[in-house]
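Trainee: I am attaching a structure below and will ask some questions about it afterwards.
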Amino acid sequence: MKQQLKTAYCRIADLELTIVLLGVAPVLLFDAWVPSWAIAVALAAIPALWFIRWLGCGSPIRPTPLDLPILLLLLMVPVGVWAAAIKSLSLPQIYRIVLGAGLYYAAVGTLTSARRLWRFSAWLLIAVPVLALIALLGTQLSSSKFPLLAALYDWIPSSIKPFWRPTGLGPNSVAGGLVMLLPLTIGFALGGRRQWLRIACTLASLFAGSVLLLTQSRGALVGLAFALLVMFILWKRWFLLAIPAVIMAGLAALGVLGAEWLGEFMLSSTATSAAASFDGRLEIWTRAIYMIQDFPITGVGLGMFDHIMDLLYPVFMVAPETNIFHPHNVFLWQAVSSGLPGLVGLLALIFLLLFMAAQSTRLSRQGESWPLALGLLGALVAYLVHGTFDSPTSFVRASAILWILFGLQAALWLHLRKRQAINDSAGQVSAF
């Protein structure tokens with residue numbers, strides 16, 4: 001009987017990713033449309049699944065190098081709630097962090113074999129053009145940044161009205177999700193083993209890239225450009241020649257056009273707000289730094305950035321009716337929300353992910369895992385560059401995509417390390 005229960009617990013643990021994706025995530029992603037008891041059940045389901053895994057497999061989670069940084073981020077959640085003056089505003093951030101940890105460990109604990117990795121990767125590849133199509137038909141597009149694209153918008157029907165945002169999806173939020181997923185299809189377009197897969201991923205990449213361009217998110221486009229440069233260099237080393245060419249072109253543009261013009265090109269103002277202007281963005285970043293200086297240990301509290309800024313650190317270049325929910329920088333956002341300890345946790349997390357991504361590309365070189373490793377590295381680069389100018393993952397939906405990719409990266413790294421250890425052992429036996 002005891003063995004049968006243990007087997008049942010292991011089978012439930014094998015379904016952890018499916019349960020979190022289909023059962024827990026929808027509740028926390030759309031919390032405003034579900035009853036409070038459903039939210040409580042969804043939050044309790046994540047540690048319950050860890051407990052079931054512990055009963056069946058002997059450990060609540062599959063250990064990874066990111067465990068300590070994630071533990072630090074989780075420990076700062078009650079601190080951020082305690083520091084928040086309005087506790088209800090912390091709830092979406094609690095959902096974001098808890099769901100992120102749940103998705104990460106569900107992916108790591110479930111994707112334990114090559115077959116599962118490839119199957120889940122295939123679903124993600126299919127999701128990229130599907131999400132791009134939804135974004136194309138459901139995003140509130142504007143031609144205020146790239147007027148040359150204005151004529152195209154008349155041909156795009158706004159046929160999708162999301163129930164959580166009837167006015168249309170936000171272009172920056174859409175760009176934040178697409179720029180993290182797009183490198184996956186690009187990776188398989190460059191290194192897929194089968195020709196049909198390379199062709200399909202090339203078409204998906206072109207379509208999703210076009211939608212990303214239509215969002216006019218320059219931070220996301222710059223992030224994608226850096227990701228492409230890194231991926232192309234790893235694909236063909238002669239792309240290293242592009243680095244001095246890019247540097248020379250940048251210096252020439254800086255000399256001819258000036259730093260102010262380039263800054264305004266990246267963050268140009270709109271008719272309604274200066275939050276997207278270079279000077280306005282600098283002002284917001286400055287206010288975030290002031291908050292970190294005044295609240296270095298706890299931060300200002302989860303979800304409290306805009307309220308604290310309006311109350312104690314008012315800005316003058318942004319229209320009063322403009323809502324600024326985050327400081328438009330992922331690192332400043334983390335430090336403002338949970339203090340310097342939270343920032344240390346995020347930096348450690350990013351450093352370890354970069355190490356794992358780089359090692360995965362090396363271990364999988366010329367192998368069937370290489371396109372996935374290349375795409376995940378590109379996704380991380382795109383996220384970091386885009387996160388310098390914006391903070392789309394401060395919202396729960398984009399954050400869920402990010403943590404799924406983190407979990408996939410850790411699962412791939414563990415798989416490649418295990419395979420290398422087996423090959424090394426076989427080589428030692430053969431030598432003996």
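Following the order of the structure tokens, chains are lettered A, B, ..., residues in each are numbered from 1, and ligands are numbered from 1.
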Would you give me, as JSON lines, each residue of range 272-315 of chain A having an atom within 12 Å of an atom of range 340-345 of chain A, along with its shortest atom pair and that distance in Å to one decimal, using only C-alpha atoms and sorting by chain and residue number?
Mentor:
{"residue": "A:Ile289", "atom": "CA", "partner": "A:Leu340", "partner_atom": "CA", "distance": 11.3}
{"residue": "A:Met291", "atom": "CA", "partner": "A:Leu340", "partner_atom": "CA", "distance": 11.1}
{"residue": "A:Ile292", "atom": "CA", "partner": "A:Leu340", "partner_atom": "CA", "distance": 7.6}
{"residue": "A:Gln293", "atom": "CA", "partner": "A:Leu340", "partner_atom": "CA", "distance": 9.6}
{"residue": "A:Asp294", "atom": "CA", "partner": "A:Leu340", "partner_atom": "CA", "distance": 11.3}
{"residue": "A:Phe295", "atom": "CA", "partner": "A:Leu340", "partner_atom": "CA", "distance": 8.8}
{"residue": "A:Pro296", "atom": "CA", "partner": "A:Leu340", "partner_atom": "CA", "distance": 5.6}
{"residue": "A:Ile297", "atom": "CA", "partner": "A:Leu340", "partner_atom": "CA", "distance": 5.7}
{"residue": "A:Thr298", "atom": "CA", "partner": "A:Leu340", "partner_atom": "CA", "distance": 7.6}
{"residue": "A:Gly299", "atom": "CA", "partner": "A:Leu340", "partner_atom": "CA", "distance": 7.6}
{"residue": "A:Val300", "atom": "CA", "partner": "A:Leu340", "partner_atom": "CA", "distance": 11.3}
{"residue": "A:Gly301", "atom": "CA", "partner": "A:Gly342", "partner_atom": "CA", "distance": 11.5}
{"residue": "A:Leu302", "atom": "CA", "partner": "A:Gly342", "partner_atom": "CA", "distance": 11.4}
Trainee: Could you write out the selected residues, including N, CA and C atoms, as an mmCIF file, in the first residue's frame?
Mentor:
data_model
loop_
_atom_site.group_PDB
_atom_site.id
_atom_site.type_symbol
_atom_site.label_atom_id
_atom_site.label_comp_id
_atom_site.auth_asym_id
_atom_site.auth_seq_id
_atom_site.Cartn_x
_atom_site.Cartn_y
_atom_site.Cartn_z
ATOM 1 N N ILE A 289 15.728 55.763 -8.015
ATOM 2 C CA ILE A 289 16.990 55.739 -7.265
ATOM 3 C C ILE A 289 16.827 56.429 -5.910
ATOM 4 N N MET A 291 14.101 56.498 -4.168
ATOM 5 C CA MET A 291 13.373 55.552 -3.323
ATOM 6 C C MET A 291 14.303 54.488 -2.759
ATOM 7 N N ILE A 292 15.199 53.983 -3.590
ATOM 8 C CA ILE A 292 16.136 52.959 -3.126
ATOM 9 C C ILE A 292 17.053 53.516 -2.048
ATOM 10 N N GLN A 293 17.468 54.745 -2.213
ATOM 11 C CA GLN A 293 18.324 55.374 -1.193
ATOM 12 C C GLN A 293 17.586 55.550 0.128
ATOM 13 N N ASP A 294 16.302 55.867 0.063
ATOM 14 C CA ASP A 294 15.525 56.112 1.285
ATOM 15 C C ASP A 294 14.978 54.826 1.908
ATOM 16 N N PHE A 295 14.760 53.783 1.094
ATOM 17 C CA PHE A 295 14.217 52.512 1.594
ATOM 18 C C PHE A 295 15.097 51.360 1.084
ATOM 19 N N PRO A 296 16.350 51.295 1.511
ATOM 20 C CA PRO A 296 17.283 50.320 0.905
ATOM 21 C C PRO A 296 17.008 48.870 1.285
ATOM 22 N N ILE A 297 16.437 48.610 2.447
ATOM 23 C CA ILE A 297 16.274 47.238 2.923
ATOM 24 C C ILE A 297 14.947 46.647 2.492
ATOM 25 N N THR A 298 13.885 47.384 2.645
ATOM 26 C CA THR A 298 12.548 46.844 2.376
ATOM 27 C C THR A 298 11.970 47.297 1.044
ATOM 28 N N GLY A 299 12.503 48.360 0.452
ATOM 29 C CA GLY A 299 11.834 48.952 -0.684
ATOM 30 C C GLY A 299 10.586 49.696 -0.238
ATOM 31 N N VAL A 300 9.855 50.238 -1.175
ATOM 32 C CA VAL A 300 8.651 50.997 -0.825
ATOM 33 C C VAL A 300 7.433 50.099 -0.682
ATOM 34 N N GLY A 301 7.592 48.828 -0.993
ATOM 35 C CA GLY A 301 6.468 47.894 -0.871
ATOM 36 C C GLY A 301 6.010 47.397 -2.230
ATOM 37 N N LEU A 302 5.499 46.196 -2.263
ATOM 38 C CA LEU A 302 5.025 45.596 -3.511
ATOM 39 C C LEU A 302 3.829 46.365 -4.059
#
Trainee: Ile61 in chain A: which residues within 12 Å, counting only C-alpha atoms, same-chain residues fewer than 4 positions away excluded, as a PyMOL selection string?
Mentor: chain A and resi 13-14+16+46-57+66-67+101-110
Trainee: Quick one: residues within 12 Å of Pro162 in chain A, only C-alpha atoms, excluding same-chain residues fewer than 2 positions away - as number ranges by chain?
Mentor: A: 30, 134-135, 137-140, 158-160, 164-170
Trainee: Please write the residues from the selection above to a file, keeping all heavy atoms, as a CSV table (one decimal), in the first residue's frame.
Mentor:
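Final output, again-v2.csv:
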chain,number,residue,atom,x,y,z
A,30,PHE,N,-5.8,35.9,-14.3
A,30,PHE,CA,-7.1,36.6,-14.4
A,30,PHE,C,-7.8,36.6,-13.1
A,30,PHE,O,-9.0,36.3,-13.0
A,30,PHE,CB,-7.9,36.0,-15.5
A,30,PHE,CG,-7.2,35.8,-16.8
A,30,PHE,CD1,-6.7,34.6,-17.2
A,30,PHE,CD2,-7.0,36.9,-17.6
A,30,PHE,CE1,-6.0,34.5,-18.4
A,30,PHE,CE2,-6.3,36.8,-18.9
A,30,PHE,CZ,-5.8,35.6,-19.3
A,134,ILE,N,-2.8,36.7,-32.3
A,134,ILE,CA,-3.7,37.3,-31.3
A,134,ILE,C,-3.3,38.7,-31.1
A,134,ILE,O,-4.1,39.7,-31.0
A,134,ILE,CB,-3.7,36.5,-30.0
A,134,ILE,CG1,-4.3,35.1,-30.3
A,134,ILE,CG2,-4.5,37.2,-28.9
A,134,ILE,CD1,-4.2,34.2,-29.1
A,135,ALA,N,-1.9,39.0,-30.9
A,135,ALA,CA,-1.4,40.3,-30.7
A,135,ALA,C,-1.7,41.2,-31.9
A,135,ALA,O,-2.1,42.4,-31.7
A,135,ALA,CB,0.1,40.3,-30.5
A,137,LEU,N,-4.2,41.1,-34.0
A,137,LEU,CA,-5.7,41.4,-34.1
A,137,LEU,C,-6.3,42.0,-32.9
A,137,LEU,O,-7.4,42.5,-32.9
A,137,LEU,CB,-6.4,40.1,-34.5
A,137,LEU,CG,-6.0,39.4,-35.8
A,137,LEU,CD1,-6.9,38.2,-36.0
A,137,LEU,CD2,-6.2,40.4,-37.0
A,138,GLY,N,-5.5,42.0,-31.8
A,138,GLY,CA,-6.1,42.5,-30.5
A,138,GLY,C,-5.3,43.6,-29.8
A,138,GLY,O,-5.7,44.0,-28.8
A,139,THR,N,-4.2,44.1,-30.5
A,139,THR,CA,-3.4,45.1,-29.8
A,139,THR,C,-3.9,46.5,-30.2
A,139,THR,O,-4.3,46.8,-31.4
A,139,THR,CB,-2.0,45.0,-30.2
A,139,THR,OG1,-1.5,43.7,-29.8
A,139,THR,CG2,-1.1,46.0,-29.5
A,140,GLN,N,-3.9,47.4,-29.3
A,140,GLN,CA,-4.2,48.8,-29.6
A,140,GLN,C,-3.0,49.5,-30.2
A,140,GLN,O,-2.2,50.1,-29.5
A,140,GLN,CB,-4.6,49.5,-28.2
A,140,GLN,CG,-5.2,50.9,-28.4
A,140,GLN,CD,-5.7,51.5,-27.1
A,140,GLN,OE1,-5.3,51.0,-26.0
A,140,GLN,NE2,-6.4,52.5,-27.1
A,158,SER,N,-9.3,45.1,-36.1
A,158,SER,CA,-9.2,44.8,-34.6
A,158,SER,C,-10.4,43.9,-34.3
A,158,SER,O,-11.4,44.3,-33.7
A,158,SER,CB,-9.4,46.2,-33.9
A,158,SER,OG,-8.3,47.0,-34.2
A,159,SER,N,-10.2,42.6,-34.5
A,159,SER,CA,-11.3,41.7,-34.4
A,159,SER,C,-11.3,41.0,-33.1
A,159,SER,O,-12.2,40.2,-32.8
A,159,SER,CB,-11.2,40.7,-35.5
A,159,SER,OG,-9.9,40.0,-35.6
A,160,ILE,N,-10.3,41.1,-32.3
A,160,ILE,CA,-10.2,40.5,-31.0
A,160,ILE,C,-10.3,41.5,-29.9
A,160,ILE,O,-9.4,42.4,-29.8
A,160,ILE,CB,-8.9,39.7,-30.8
A,160,ILE,CG1,-8.8,38.5,-31.9
A,160,ILE,CG2,-8.7,39.1,-29.4
A,160,ILE,CD1,-7.6,37.7,-31.8
A,164,TRP,N,-10.2,40.9,-20.5
A,164,TRP,CA,-9.6,41.6,-19.5
A,164,TRP,C,-9.1,43.0,-19.9
A,164,TRP,O,-8.7,43.8,-19.0
A,164,TRP,CB,-8.3,40.8,-19.0
A,164,TRP,CG,-7.2,40.6,-20.0
A,164,TRP,CD1,-6.2,41.4,-20.1
A,164,TRP,CD2,-7.1,39.6,-21.0
A,164,TRP,NE1,-5.3,41.0,-21.2
A,164,TRP,CE2,-5.9,39.8,-21.7
A,164,TRP,CE3,-7.9,38.5,-21.3
A,164,TRP,CZ2,-5.5,39.0,-22.7
A,164,TRP,CZ3,-7.4,37.7,-22.4
A,164,TRP,CH2,-6.3,37.9,-23.0
A,165,ARG,N,-9.2,43.3,-21.2
A,165,ARG,CA,-8.9,44.6,-21.6
A,165,ARG,C,-9.6,44.9,-22.9
A,165,ARG,O,-9.1,44.8,-24.0
A,165,ARG,CB,-7.4,44.8,-21.8
A,165,ARG,CG,-7.0,46.2,-22.1
A,165,ARG,CD,-5.5,46.4,-22.0
A,165,ARG,NE,-5.1,47.8,-22.3
A,165,ARG,CZ,-3.9,48.3,-22.1
A,165,ARG,NH1,-2.9,47.5,-21.7
A,165,ARG,NH2,-3.6,49.5,-22.4
A,166,PRO,N,-10.9,45.3,-22.8
A,166,PRO,CA,-11.7,45.5,-24.0
A,166,PRO,C,-11.2,46.5,-25.0
A,166,PRO,O,-11.5,46.5,-26.2
A,166,PRO,CB,-13.1,45.9,-23.5
A,166,PRO,CG,-13.1,45.3,-22.0
A,166,PRO,CD,-11.7,45.5,-21.6
A,167,THR,N,-10.4,47.5,-24.5
A,167,THR,CA,-9.9,48.5,-25.4
A,167,THR,C,-8.8,48.0,-26.3
A,167,THR,O,-8.3,48.7,-27.2
A,167,THR,CB,-9.4,49.7,-24.5
A,167,THR,OG1,-8.4,49.3,-23.6
A,167,THR,CG2,-10.6,50.4,-23.8
A,168,GLY,N,-8.3,46.8,-26.0
A,168,GLY,CA,-7.2,46.3,-26.8
A,168,GLY,C,-5.9,46.1,-25.9
A,168,GLY,O,-5.7,46.7,-24.9
A,169,LEU,N,-5.1,45.1,-26.4
A,169,LEU,CA,-3.9,44.8,-25.6
A,169,LEU,C,-2.9,46.0,-25.7
A,169,LEU,O,-2.9,46.7,-26.7
A,169,LEU,CB,-3.2,43.5,-26.2
A,169,LEU,CG,-4.1,42.3,-26.2
A,169,LEU,CD1,-3.4,41.2,-26.9
A,169,LEU,CD2,-4.3,41.8,-24.7
A,170,GLY,N,-2.1,46.2,-24.7
A,170,GLY,CA,-1.1,47.2,-24.7
A,170,GLY,C,0.0,46.8,-25.5
A,170,GLY,O,0.6,45.7,-25.4
Trainee: Excluding Asp306 in chain A and any residue of its chain fewer than 4 positions from it, enumerate the residues within 8 Å of it, using only C-alpha atoms, and give them as a PyMOL selection string.
Mentor: chain A and resi 310+323-326
Trainee: What would the file look like if the residues just selected were written as a PDB file, in the first residue's frame with N, CA, C and O atoms?
Mentor:
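Result went into out-v4.pdb, see below:
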ATOM      1  N   ASP A 310       4.071  59.557  -6.544  1.00  0.00           N
ATOM      2  CA  ASP A 310       3.160  60.710  -6.556  1.00  0.00           C
ATOM      3  C   ASP A 310       3.175  61.450  -5.223  1.00  0.00           C
ATOM      4  O   ASP A 310       3.058  62.675  -5.184  1.00  0.00           O
ATOM      5  N   ASN A 323      -0.533  57.126 -15.765  1.00  0.00           N
ATOM      6  CA  ASN A 323      -0.223  56.134 -14.739  1.00  0.00           C
ATOM      7  C   ASN A 323       1.138  55.517 -15.019  1.00  0.00           C
ATOM      8  O   ASN A 323       1.386  54.976 -16.093  1.00  0.00           O
ATOM      9  N   ILE A 324       2.037  55.626 -14.042  1.00  0.00           N
ATOM     10  CA  ILE A 324       3.377  55.054 -14.167  1.00  0.00           C
ATOM     11  C   ILE A 324       3.484  53.959 -13.118  1.00  0.00           C
ATOM     12  O   ILE A 324       3.771  54.215 -11.945  1.00  0.00           O
ATOM     13  N   PHE A 325       3.243  52.723 -13.527  1.00  0.00           N
ATOM     14  CA  PHE A 325       3.146  51.622 -12.577  1.00  0.00           C
ATOM     15  C   PHE A 325       4.514  51.071 -12.178  1.00  0.00           C
ATOM     16  O   PHE A 325       4.621  50.386 -11.161  1.00  0.00           O
ATOM     17  N   HIS A 326       5.537  51.349 -12.953  1.00  0.00           N
ATOM     18  CA  HIS A 326       6.875  50.815 -12.667  1.00  0.00           C
ATOM     19  C   HIS A 326       7.931  51.782 -13.189  1.00  0.00           C
ATOM     20  O   HIS A 326       7.626  52.666 -14.007  1.00  0.00           O
TER      21      HIS A 326
END
Trainee: Between A:Leu197, A:Ala42, A:Ala32, A:Val211, which is the closest to Ile19 in chain A once you count only C-alpha atoms?
Mentor: A:Ala42
Trainee: Give one line per residue of range 113-132 of chain A that approaches range 410-415 of chain A to at most 9 Å, naming the two atoms of the closest pair and their distance in Å to one decimal, counting only C-alpha atoms; sort by chain then ascending residue number and deliver it as a tab-separated table.
Mentor:
residue	atom	partner	partner_atom	distance
A:Ser113	CA	A:His415	CA	6.9
A:Ala114	CA	A:His415	CA	7.3
A:Leu117	CA	A:Leu412	CA	7.2
Trainee: When distances are computed from only C-alpha atoms, which of A:Gly58, A:Gly303, A:Pro35, A:Gly223 shows the smallest separation from Leu91 in chain A?
Mentor: A:Gly303
Trainee: For the atom pair CA of Leu125 in chain A and CA of Gly177 in chain A, what is the interatomic distance in Å to one decimal place?
Mentor: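 Pair CA of Leu125 in chain A / CA of Gly177 in chain A returns 13.6 Å.
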Trainee: So which one's closest to Val98 in chain A, A:Trp403, A:Leu347, A:Tyr290, A:Val230? Using only C-alpha atoms, please.
Mentor: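 Going through A:Trp403, A:Leu347, A:Tyr290, A:Val230 one by one, the smallest distance to Val98 in chain A is for A:Trp403.
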Trainee: Using only C-alpha atoms, can you tell me which of A:Asp390, A:Met356, A:Ser425, A:Phe351 comes closest to Val330 in chain A?
Mentor: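 Closest to Val330 in chain A, using only C-alpha atoms: A:Asp390.
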Trainee: Near Leu353 in chain A, within 9 Å and counting only C-alpha atoms, which residues show up once chain neighbours fewer than 5 positions away are dropped, as number ranges by chain?
Mentor: A: 65-66, 348, 358, 377, 380, 406, 409-410
